[in-house]
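Novice: Structure: target.tsv, TSV, C-alpha atoms.
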```tsv
chain	number	residue	atom	x	y	z
A	14	MET	CA	144.41	36.94	-16.58
A	15	LYS	CA	142.05	38.84	-14.40
A	16	LEU	CA	139.05	37.03	-13.03
A	17	THR	CA	135.87	38.95	-12.39
A	18	LEU	CA	133.72	37.62	-9.62
A	19	ARG	CA	130.09	37.90	-10.37
A	20	ARG	CA	127.03	37.30	-8.20
A	21	LYS	CA	125.52	33.88	-8.77
A	22	PRO	CA	122.14	34.17	-10.43
A	23	ASP	CA	119.21	33.65	-8.07
A	24	THR	CA	117.60	30.24	-8.35
A	25	PRO	CA	113.92	29.88	-7.78
A	26	SER	CA	112.91	28.39	-4.42
A	27	PRO	CA	111.55	24.86	-4.68
A	28	GLU	CA	108.36	26.28	-3.17
A	29	CYS	CA	108.12	29.09	-5.69
A	30	GLY	CA	104.57	29.27	-6.97
A	31	VAL	CA	103.30	26.82	-4.31
A	32	PRO	CA	100.60	28.30	-2.05
A	33	ARG	CA	101.86	28.86	1.48
A	34	VAL	CA	99.89	28.19	4.64
A	35	ARG	CA	99.54	31.34	6.71
A	36	ILE	CA	98.69	31.18	10.40
A	37	LYS	CA	97.78	34.18	12.48
A	38	LYS	CA	96.07	35.13	15.70
A	39	LEU	CA	92.75	36.91	15.32
A	40	ASN	CA	91.63	39.67	17.66
A	41	ASN	CA	89.01	41.44	15.58
A	42	GLU	CA	85.55	40.18	16.56
A	43	ALA	CA	84.04	41.14	13.22
A	44	VAL	CA	86.64	39.08	11.37
A	45	ILE	CA	86.15	36.10	13.68
A	46	GLN	CA	82.38	36.36	13.24
A	47	SER	CA	82.73	36.38	9.44
A	48	TYR	CA	84.35	32.94	9.57
A	49	LEU	CA	81.95	31.54	12.17
A	50	GLU	CA	78.99	32.63	10.06
A	51	THR	CA	80.03	30.14	7.35
A	52	LYS	CA	78.83	27.37	9.70
A	53	ARG	CA	76.62	29.40	12.01
A	54	ASN	CA	74.63	26.68	13.75
A	55	TYR	CA	77.65	24.44	14.15
A	56	ALA	CA	79.60	27.32	15.71
A	57	VAL	CA	77.13	28.28	18.45
A	58	THR	CA	79.56	27.51	21.30
A	59	ALA	CA	82.25	29.58	19.62
A	60	PHE	CA	79.90	32.54	19.19
A	61	ALA	CA	79.26	32.47	22.94
A	62	HIS	CA	82.96	33.14	23.58
A	63	LEU	CA	82.57	36.43	21.73
A	64	GLU	CA	79.87	37.61	24.12
A	65	PRO	CA	80.89	40.51	26.39
A	66	GLY	CA	82.13	39.31	29.76
A	67	TYR	CA	82.42	35.65	28.83
A	68	PRO	CA	84.46	34.11	31.71
A	69	ASP	CA	87.57	32.74	30.06
A	70	ILE	CA	90.76	33.66	28.21
A	71	SER	CA	90.41	32.88	24.51
A	72	ARG	CA	92.83	32.57	21.60
A	73	TRP	CA	91.53	32.53	18.05
A	74	LEU	CA	93.90	31.06	15.46
A	75	LEU	CA	93.31	31.16	11.71
A	76	ALA	CA	95.14	29.24	8.98
A	77	THR	CA	94.58	30.09	5.31
A	78	GLU	CA	95.80	28.74	2.01
A	79	GLN	CA	94.28	30.25	-1.13
A	80	ASP	CA	90.51	30.02	-0.61
A	81	ARG	CA	90.66	27.41	2.19
A	82	PHE	CA	90.74	28.12	5.92
A	83	ALA	CA	90.69	26.53	9.36
A	84	LEU	CA	89.72	28.27	12.58
A	85	CYS	CA	90.58	27.11	16.09
A	86	LEU	CA	89.39	28.53	19.41
A	87	ILE	CA	91.46	27.66	22.48
A	88	ALA	CA	89.85	28.84	25.71
A	89	LYS	CA	91.26	28.51	29.22
A	90	GLY	CA	89.00	28.73	32.22
A	91	MET	CA	86.29	26.34	31.04
A	92	PHE	CA	86.24	22.67	32.13
A	93	PRO	CA	89.04	23.96	32.73
A	94	ASN	CA	89.85	24.26	29.01
A	95	TYR	CA	87.92	24.21	25.74
A	96	ILE	CA	88.88	23.75	22.07
A	97	PHE	CA	86.62	24.38	19.09
A	98	THR	CA	87.68	23.62	15.52
A	99	MET	CA	86.22	24.22	12.09
A	100	GLY	CA	87.39	24.25	8.50
A	101	ASP	CA	89.98	22.45	6.40
A	102	THR	CA	91.59	19.42	8.08
A	103	LYS	CA	95.10	19.99	6.69
A	104	LEU	CA	95.09	23.60	7.81
A	105	LEU	CA	93.75	22.64	11.23
A	106	ASP	CA	96.72	20.30	11.64
A	107	ALA	CA	99.02	23.21	10.82
A	108	ILE	CA	97.39	25.28	13.58
A	109	LEU	CA	97.68	22.54	16.19
A	110	GLN	CA	101.34	22.01	15.31
A	111	SER	CA	102.11	25.70	15.68
A	112	THR	CA	100.61	26.52	19.07
A	113	ASN	CA	100.81	25.63	22.74
A	114	LEU	CA	97.85	23.34	23.40
A	115	PRO	CA	96.20	22.91	26.81
A	116	GLY	CA	96.32	19.65	28.76
A	117	ARG	CA	92.97	18.11	29.69
A	118	THR	CA	90.29	19.76	27.60
A	119	TYR	CA	86.78	19.51	26.21
A	120	ILE	CA	86.76	19.55	22.40
A	121	THR	CA	84.04	20.26	19.82
A	122	PHE	CA	84.99	19.34	16.28
A	123	GLN	CA	83.76	18.24	12.87
A	124	PRO	CA	83.73	14.48	12.12
A	125	GLU	CA	86.48	14.82	9.53
A	126	HIS	CA	88.77	16.32	12.20
A	127	LEU	CA	88.80	13.19	14.39
A	128	ARG	CA	92.10	11.71	13.18
A	129	THR	CA	93.86	15.04	13.46
A	130	ILE	CA	92.55	15.59	16.99
A	131	GLU	CA	93.69	12.08	17.95
A	132	ASP	CA	97.21	12.91	16.80
A	133	TYR	CA	97.41	15.46	19.61
A	134	TYR	CA	95.00	14.17	22.27
A	135	GLU	CA	94.33	10.83	23.93
A	136	LEU	CA	90.53	10.84	24.10
A	137	GLU	CA	88.87	9.71	27.34
A	138	TRP	CA	85.58	9.46	25.47
A	139	HIS	CA	84.02	10.84	22.33
A	140	LEU	CA	80.44	11.13	21.23
A	141	SER	CA	78.82	11.66	17.84
A	142	VAL	CA	75.67	13.78	17.94
A	143	GLN	CA	73.28	15.31	15.47
A	144	ARG	CA	72.78	19.05	15.75
A	145	MET	CA	69.22	20.18	15.16
A	146	VAL	CA	68.02	23.76	14.73
A	147	VAL	CA	64.70	25.56	14.96
A	148	THR	CA	63.71	29.09	13.93
A	149	ARG	CA	60.77	31.31	14.73
A	150	GLY	CA	59.20	30.30	11.44
A	151	SER	CA	59.54	26.55	11.94
A	152	PHE	CA	58.81	26.31	15.68
A	153	ARG	CA	55.68	24.42	16.71
A	154	ALA	CA	55.06	24.75	20.43
A	155	ALA	CA	53.68	21.89	22.50
A	156	GLU	CA	50.09	22.26	23.65
A	157	GLN	CA	51.10	22.30	27.31
A	158	THR	CA	53.65	24.55	29.00
A	159	ALA	CA	56.14	24.09	31.81
A	160	THR	CA	57.03	26.38	34.72
A	161	ARG	CA	60.02	28.75	34.60
A	162	LEU	CA	62.51	27.75	37.28
A	163	ARG	CA	64.15	30.32	39.51
A	164	SER	CA	67.24	30.43	41.67
A	165	ILE	CA	65.28	29.16	44.68
A	166	ASP	CA	64.65	25.93	42.75
A	167	SER	CA	68.37	25.08	42.57
A	168	HIS	CA	68.14	22.33	45.18
A	169	GLU	CA	65.34	20.48	43.38
A	170	LEU	CA	67.04	21.03	40.02
A	171	ASN	CA	70.32	19.54	41.22
A	172	ARG	CA	68.53	16.68	42.94
A	173	LEU	CA	67.03	15.68	39.60
A	174	TYR	CA	70.27	16.17	37.65
A	175	ASP	CA	72.16	14.13	40.25
A	176	LEU	CA	70.30	11.08	38.95
A	177	GLU	CA	72.57	11.39	35.90
A	178	ARG	CA	75.56	12.67	37.92
A	179	SER	CA	75.31	16.05	36.21
A	180	GLY	CA	74.18	18.29	39.06
A	181	ASN	CA	75.89	21.20	40.82
A	182	PHE	CA	74.14	24.06	39.02
A	183	THR	CA	74.61	27.33	40.91
A	184	THR	CA	71.90	29.87	41.53
A	185	SER	CA	73.69	32.32	39.22
A	186	GLN	CA	73.74	29.76	36.39
A	187	ILE	CA	70.02	29.24	36.75
A	188	ARG	CA	69.45	32.99	36.85
A	189	ARG	CA	71.55	33.64	33.72
A	190	GLY	CA	70.14	30.68	31.79
A	191	VAL	CA	66.63	29.57	30.89
A	192	PHE	CA	65.26	26.54	32.76
A	193	TYR	CA	61.72	25.17	32.70
A	194	GLY	CA	60.37	22.26	34.70
A	195	ILE	CA	57.27	20.23	35.47
A	196	TRP	CA	56.35	19.30	39.02
A	197	ARG	CA	54.64	16.07	40.03
A	198	ASP	CA	53.85	14.85	43.55
A	199	GLY	CA	55.73	17.74	45.10
A	200	GLN	CA	58.99	17.13	43.26
A	201	LEU	CA	60.60	18.23	40.02
A	202	ALA	CA	59.74	15.48	37.52
A	203	ALA	CA	61.21	16.86	34.28
A	204	VAL	CA	63.42	19.75	33.23
A	205	ALA	CA	65.02	21.40	30.20
A	206	GLY	CA	67.51	24.23	30.20
A	207	THR	CA	70.28	25.91	28.27
A	208	HIS	CA	73.95	25.25	27.75
A	209	LEU	CA	74.45	28.84	26.62
A	210	VAL	CA	72.76	31.90	25.19
A	211	ALA	CA	74.50	34.29	22.77
A	212	PRO	CA	71.95	37.11	22.39
A	213	THR	CA	74.39	39.40	20.58
A	214	TYR	CA	74.43	36.93	17.69
A	215	GLY	CA	70.83	35.71	17.98
A	216	LEU	CA	71.79	32.16	18.98
A	217	ALA	CA	70.99	29.83	21.87
A	218	TYR	CA	71.75	26.22	22.76
A	219	VAL	CA	69.16	24.05	24.53
A	220	GLY	CA	70.38	21.22	26.75
A	221	ASN	CA	70.19	19.55	30.16
A	222	VAL	CA	66.91	17.85	29.21
A	223	LEU	CA	66.01	15.17	31.74
A	224	THR	CA	63.00	13.32	33.15
A	225	HIS	CA	62.84	11.45	36.45
A	226	PRO	CA	62.65	7.66	35.77
A	227	ALA	CA	59.27	7.45	37.51
A	228	TYR	CA	57.70	9.93	35.09
A	229	ARG	CA	59.16	8.97	31.74
A	230	ASN	CA	57.25	8.19	28.53
A	231	GLN	CA	54.70	10.91	29.29
A	232	GLY	CA	56.11	13.60	27.01
A	233	LEU	CA	57.16	15.80	29.94
A	234	ALA	CA	60.67	16.50	28.63
A	235	THR	CA	59.21	17.59	25.28
A	236	ILE	CA	56.94	20.07	27.06
A	237	CYS	CA	59.91	21.47	28.99
A	238	ALA	CA	62.05	21.73	25.85
A	239	SER	CA	59.17	23.47	24.07
A	240	SER	CA	58.85	26.08	26.83
A	241	VAL	CA	62.61	26.75	26.85
A	242	THR	CA	62.67	27.06	23.07
A	243	ALA	CA	59.72	29.47	23.03
A	244	GLU	CA	61.42	31.68	25.60
A	245	LEU	CA	64.72	31.70	23.69
A	246	LEU	CA	63.12	32.49	20.34
A	247	ARG	CA	61.82	35.77	21.73
A	248	ASN	CA	65.36	37.16	21.52
A	249	CYS	CA	67.17	34.69	19.23
A	250	THR	CA	66.66	33.84	15.58
A	251	GLU	CA	67.98	30.27	15.85
A	252	VAL	CA	67.98	27.76	18.69
A	253	VAL	CA	70.01	24.54	18.49
A	254	LEU	CA	70.30	21.32	20.44
A	255	ASN	CA	72.21	18.04	20.18
A	256	VAL	CA	70.70	14.57	20.05
A	257	GLU	CA	72.17	11.13	19.42
A	258	SER	CA	70.93	10.00	16.01
A	259	HIS	CA	69.96	6.54	17.22
A	260	ASN	CA	67.76	8.01	19.99
A	261	LEU	CA	64.75	7.96	17.68
A	262	PRO	CA	62.10	8.95	20.28
A	263	ALA	CA	64.06	12.11	21.10
A	264	VAL	CA	64.67	12.89	17.42
A	265	ARG	CA	60.93	12.56	16.70
A	266	ALA	CA	59.99	14.67	19.72
A	267	TYR	CA	62.27	17.52	18.65
A	268	ALA	CA	61.15	17.22	15.04
A	269	ASN	CA	57.56	17.64	16.23
A	270	LEU	CA	58.62	20.96	17.76
A	271	GLY	CA	59.99	22.07	14.40
A	272	TYR	CA	63.67	21.22	14.86
A	273	VAL	CA	65.44	19.99	11.72
A	274	ASP	CA	68.82	18.32	11.16
A	275	ASP	CA	71.66	20.73	10.53
A	276	CYS	CA	75.02	18.94	10.89
A	277	ARG	CA	76.89	16.18	12.68
A	278	ILE	CA	79.22	17.09	15.53
A	279	LEU	CA	81.79	15.22	17.60
A	280	GLU	CA	82.45	16.08	21.22
A	281	ALA	CA	85.25	14.68	23.36
A	282	ILE	CA	87.38	15.04	26.45
A	283	GLY	CA	91.06	14.50	25.85
A	284	HIS	CA	94.51	14.57	27.46
A	285	ARG	CA	97.34	16.24	25.56
A	286	LYS	CA	99.85	13.72	24.19
A	287	ASN	CA	103.57	14.27	24.53
A	288	PHE	CA	105.77	14.65	21.46
A	289	VAL	CA	106.69	10.96	21.30
A	290	GLY	CA	103.04	10.01	21.60
A	291	VAL	CA	102.15	12.27	18.69
A	292	ILE	CA	104.75	10.63	16.44
A	293	ILE	CA	103.72	7.09	17.41
A	294	ASN	CA	100.05	7.84	16.92
A	295	SER	CA	100.69	9.37	13.50
A	296	VAL	CA	102.70	6.34	12.33
A	297	CYS	CA	100.11	3.86	13.66
A	298	ARG	CA	97.37	5.80	11.93
A	299	LYS	CA	99.15	5.61	8.59
A	300	LEU	CA	99.74	1.87	9.04
A	301	GLY	CA	96.06	1.29	9.78
A	302	LEU	CA	96.74	0.06	13.33
A	303	ILE	CA	94.21	2.41	14.97
A	304	PRO	CA	90.51	1.50	14.53
A	305	LYS	CA	88.11	3.90	12.89
A	306	TYR	CA	85.87	6.06	15.05
A	307	GLU	CA	82.72	4.05	14.27
A	308	GLN	CA	84.36	0.91	15.67
A	309	GLY	CA	84.85	2.53	19.06
A	310	MET	CA	81.64	4.49	19.38
A	311	GLU	CA	80.28	4.91	22.88
A	312	PRO	CA	77.12	2.91	23.57
A	313	ASP	CA	73.85	4.66	24.17
A	314	GLY	CA	73.49	5.43	27.86
```
Turn the structure described in the file into structure tokens.

Specialist:
Amino acid sequence: MKLTLRRKPDTPSPECGVPRVRIKKLNNEAVIQSYLETKRNYAVTAFAHLEPGYPDISRWLLATEQDRFALCLIAKGMFPNYIFTMGDTKLLDAILQSTNLPGRTYITFQPEHLRTIEDYYELEWHLSVQRMVVTRGSFRAAEQTATRLRSIDSHELNRLYDLERSGNFTTSQIRRGVFYGIWRDGQLAAVAGTHLVAPTYGLAYVGNVLTHPAYRNQGLATICASSVTAELLRNCTEVVLNVESHNLPAVRAYANLGYVDDCRILEAIGHRKNFVGVIINSVCRKLGLIPKYEQGMEPDG
């Protein structure tokens, strides 16, 4: 009897019909921008990395599954590294699993990303802030104005920032940014500046707002922030800033300038965990052995 060998019929893959996560590196600025625009004011820092000549080496990673997506920016050369995340939490986890992550890094992420970030990084500190935004139409300038600071004011600027251990601004940073200050008794009493400006995309980020302890509760910081905002809105359509929600005086001051709440953001500095640390952290998280973020929130400084 002759046996005829036949090809075994194909059996469907267990994953047949199940949506597959796709991860790819993005290089097209227009494509990257299209995703960032879905959360424009949240993504201000990411937009800045698209600006011509931005001083770092950036990787843009995208994960998609049907109509869901996650986007991750990994930049080397800032702080010395920077990570920005947005989108679906599950897909973000897929990105972080698939790529070589930097060691010590500054991270900007959405609140729902915290547990995923903690699976990969041991956080030195993390801070929850409210992002506020103002437009040309909503801006209400303060009655008084501050003085635009120049490169020659770098010494006085750093002297004031050193009170909060945040000095060391270079003359080129002052020249490229927008800084306004108020002088009292021959010294710089209050200042406001910028973290970044992304003119190509019409966005700017106000920060570095500080008043000398001897001159507080006089509204000087609000005047400085108003002057910076007015300058930025000449070339930008939206200006954002961050404020801690429980800092009610600051929230009210910015609201009086026309800033409104946009979204909540978490910022952190973290050290990359090793593989064993990732597994242990994941198991402890599932067993409920790691406290929730709100239980470990940094106190107001």

Novice: Check the smallest atom-to-atom distance from each of A:Glu177, A:Glu169, A:Glu125, A:Glu78 to Leu104 of chain A using only C-alpha atoms, then report the winner.

Specialist: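 Nearest to Leu104 of chain A: A:Glu78.
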
Novice: What does the distance between atom CA of Val142 of chain A and atom CA of Leu261 of chain A come to in Å, to one decimal place?

Specialist: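 Atom CA of Leu261 of chain A lies 12.4 Å from atom CA of Val142 of chain A.
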
Novice: Arg188 of chain A: which residues within 9 Å, counting all atoms listed in the file, same-chain residues fewer than 6 positions away excluded, as a PyMOL selection string?

Specialist: chain A and resi 162-164

Novice: Residues near Cys276 of chain A, anyone? I mean within 10 Å using only C-alpha atoms, not counting same-chain ones fewer than 3 positions away, as a PyMOL selection string.

Specialist: chain A and resi 52+54-55+123-124+142-146+255+273

Novice: So what do you get for atom CA of Gln200 of chain A versus atom CA of Thr184 of chain A, distance-wise?

Specialist: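 Atom-to-atom, atom CA of Gln200 of chain A and atom CA of Thr184 of chain A are spaced 18.2 Å apart.
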
Novice: Need the shell around segment 91-103 of chain A: protein/DNA/RNA residues with any atom at most 10 Å away, counting only C-alpha atoms. Skip same-chain ones fewer than 3 positions apart. Format as a PDB file with C-alpha atoms, in the frame of the given file?

Specialist:
```pdb
ATOM      1  CA  VAL A  34      99.890  28.190   4.640  1.00  0.00           C
ATOM      2  CA  TYR A  48      84.350  32.940   9.570  1.00  0.00           C
ATOM      3  CA  LEU A  49      81.950  31.540  12.170  1.00  0.00           C
ATOM      4  CA  THR A  51      80.030  30.140   7.350  1.00  0.00           C
ATOM      5  CA  LYS A  52      78.830  27.370   9.700  1.00  0.00           C
ATOM      6  CA  TYR A  55      77.650  24.440  14.150  1.00  0.00           C
ATOM      7  CA  ALA A  56      79.600  27.320  15.710  1.00  0.00           C
ATOM      8  CA  THR A  58      79.560  27.510  21.300  1.00  0.00           C
ATOM      9  CA  ALA A  59      82.250  29.580  19.620  1.00  0.00           C
ATOM     10  CA  PRO A  68      84.460  34.110  31.710  1.00  0.00           C
ATOM     11  CA  ASP A  69      87.570  32.740  30.060  1.00  0.00           C
ATOM     12  CA  ILE A  70      90.760  33.660  28.210  1.00  0.00           C
ATOM     13  CA  SER A  71      90.410  32.880  24.510  1.00  0.00           C
ATOM     14  CA  ARG A  72      92.830  32.570  21.600  1.00  0.00           C
ATOM     15  CA  TRP A  73      91.530  32.530  18.050  1.00  0.00           C
ATOM     16  CA  LEU A  74      93.900  31.060  15.460  1.00  0.00           C
ATOM     17  CA  LEU A  75      93.310  31.160  11.710  1.00  0.00           C
ATOM     18  CA  ALA A  76      95.140  29.240   8.980  1.00  0.00           C
ATOM     19  CA  THR A  77      94.580  30.090   5.310  1.00  0.00           C
ATOM     20  CA  GLU A  78      95.800  28.740   2.010  1.00  0.00           C
ATOM     21  CA  ARG A  81      90.660  27.410   2.190  1.00  0.00           C
ATOM     22  CA  PHE A  82      90.740  28.120   5.920  1.00  0.00           C
ATOM     23  CA  ALA A  83      90.690  26.530   9.360  1.00  0.00           C
ATOM     24  CA  LEU A  84      89.720  28.270  12.580  1.00  0.00           C
ATOM     25  CA  CYS A  85      90.580  27.110  16.090  1.00  0.00           C
ATOM     26  CA  LEU A  86      89.390  28.530  19.410  1.00  0.00           C
ATOM     27  CA  ILE A  87      91.460  27.660  22.480  1.00  0.00           C
ATOM     28  CA  ALA A  88      89.850  28.840  25.710  1.00  0.00           C
ATOM     29  CA  ASP A 106      96.720  20.300  11.640  1.00  0.00           C
ATOM     30  CA  ALA A 107      99.020  23.210  10.820  1.00  0.00           C
ATOM     31  CA  ILE A 108      97.390  25.280  13.580  1.00  0.00           C
ATOM     32  CA  LEU A 114      97.850  23.340  23.400  1.00  0.00           C
ATOM     33  CA  PRO A 115      96.200  22.910  26.810  1.00  0.00           C
ATOM     34  CA  GLY A 116      96.320  19.650  28.760  1.00  0.00           C
ATOM     35  CA  ARG A 117      92.970  18.110  29.690  1.00  0.00           C
ATOM     36  CA  THR A 118      90.290  19.760  27.600  1.00  0.00           C
ATOM     37  CA  TYR A 119      86.780  19.510  26.210  1.00  0.00           C
ATOM     38  CA  ILE A 120      86.760  19.550  22.400  1.00  0.00           C
ATOM     39  CA  THR A 121      84.040  20.260  19.820  1.00  0.00           C
ATOM     40  CA  PHE A 122      84.990  19.340  16.280  1.00  0.00           C
ATOM     41  CA  GLN A 123      83.760  18.240  12.870  1.00  0.00           C
ATOM     42  CA  GLU A 125      86.480  14.820   9.530  1.00  0.00           C
ATOM     43  CA  HIS A 126      88.770  16.320  12.200  1.00  0.00           C
ATOM     44  CA  LEU A 127      88.800  13.190  14.390  1.00  0.00           C
ATOM     45  CA  ARG A 128      92.100  11.710  13.180  1.00  0.00           C
ATOM     46  CA  THR A 129      93.860  15.040  13.460  1.00  0.00           C
ATOM     47  CA  ILE A 130      92.550  15.590  16.990  1.00  0.00           C
ATOM     48  CA  GLU A 280      82.450  16.080  21.220  1.00  0.00           C
ATOM     49  CA  ALA A 281      85.250  14.680  23.360  1.00  0.00           C
ATOM     50  CA  ILE A 282      87.380  15.040  26.450  1.00  0.00           C
TER      51      ILE A 282
END
```

Novice: Skipping near chain neighbours, those fewer than 3 positions away, what residues fall within 9 Å of Pro212 of chain A using all atoms listed in the file, listed as a list in words?

Specialist: Ala61, Glu64, Gly215, Leu216, Ala217, Asn248 and Cys249 of chain A

Novice: Between atom CA of Val210 of chain A and atom CA of Gln186 of chain A, what is the spacing in Å?

Specialist: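 According to the coordinates, atom CA of Gln186 of chain A and atom CA of Val210 of chain A are separated by 11.4 Å.
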
Novice: Pick the closest to Arg277 of chain A from A:Phe182, A:Asn171, A:Val147, A:Val256: which is it, counting only C-alpha atoms?

Specialist: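 Going through A:Phe182, A:Asn171, A:Val147, A:Val256 one by one, the smallest distance to Arg277 of chain A is for A:Val256.
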
Novice: Need to verify the contact set: Thr158 of chain A, 7 Å, all atoms listed in the file, exclusion of same-chain residues closer than 4 positions in sequence. Can you return it as a list in words?

Specialist: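 The residues satisfying every condition are Ile236, Cys237 and Ser240 of chain A.
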
Novice: Using all atoms listed in the file for the distances, tell me which of A:Leu300, A:Arg178, A:Val57, A:Gly66 is nearest to Leu209 of chain A.

Specialist: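 Between A:Leu300, A:Arg178, A:Val57, A:Gly66, the residue approaching Leu209 of chain A most closely is A:Val57.
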
Novice: Which residue out of A:Ala155, A:Leu176, A:Ser111, A:Thr250 has the minimum interatomic distance to Thr213 of chain A when all atoms listed in the file are used?

Specialist: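 Using all atoms listed in the file, the shortest distance to Thr213 of chain A belongs to A:Thr250.
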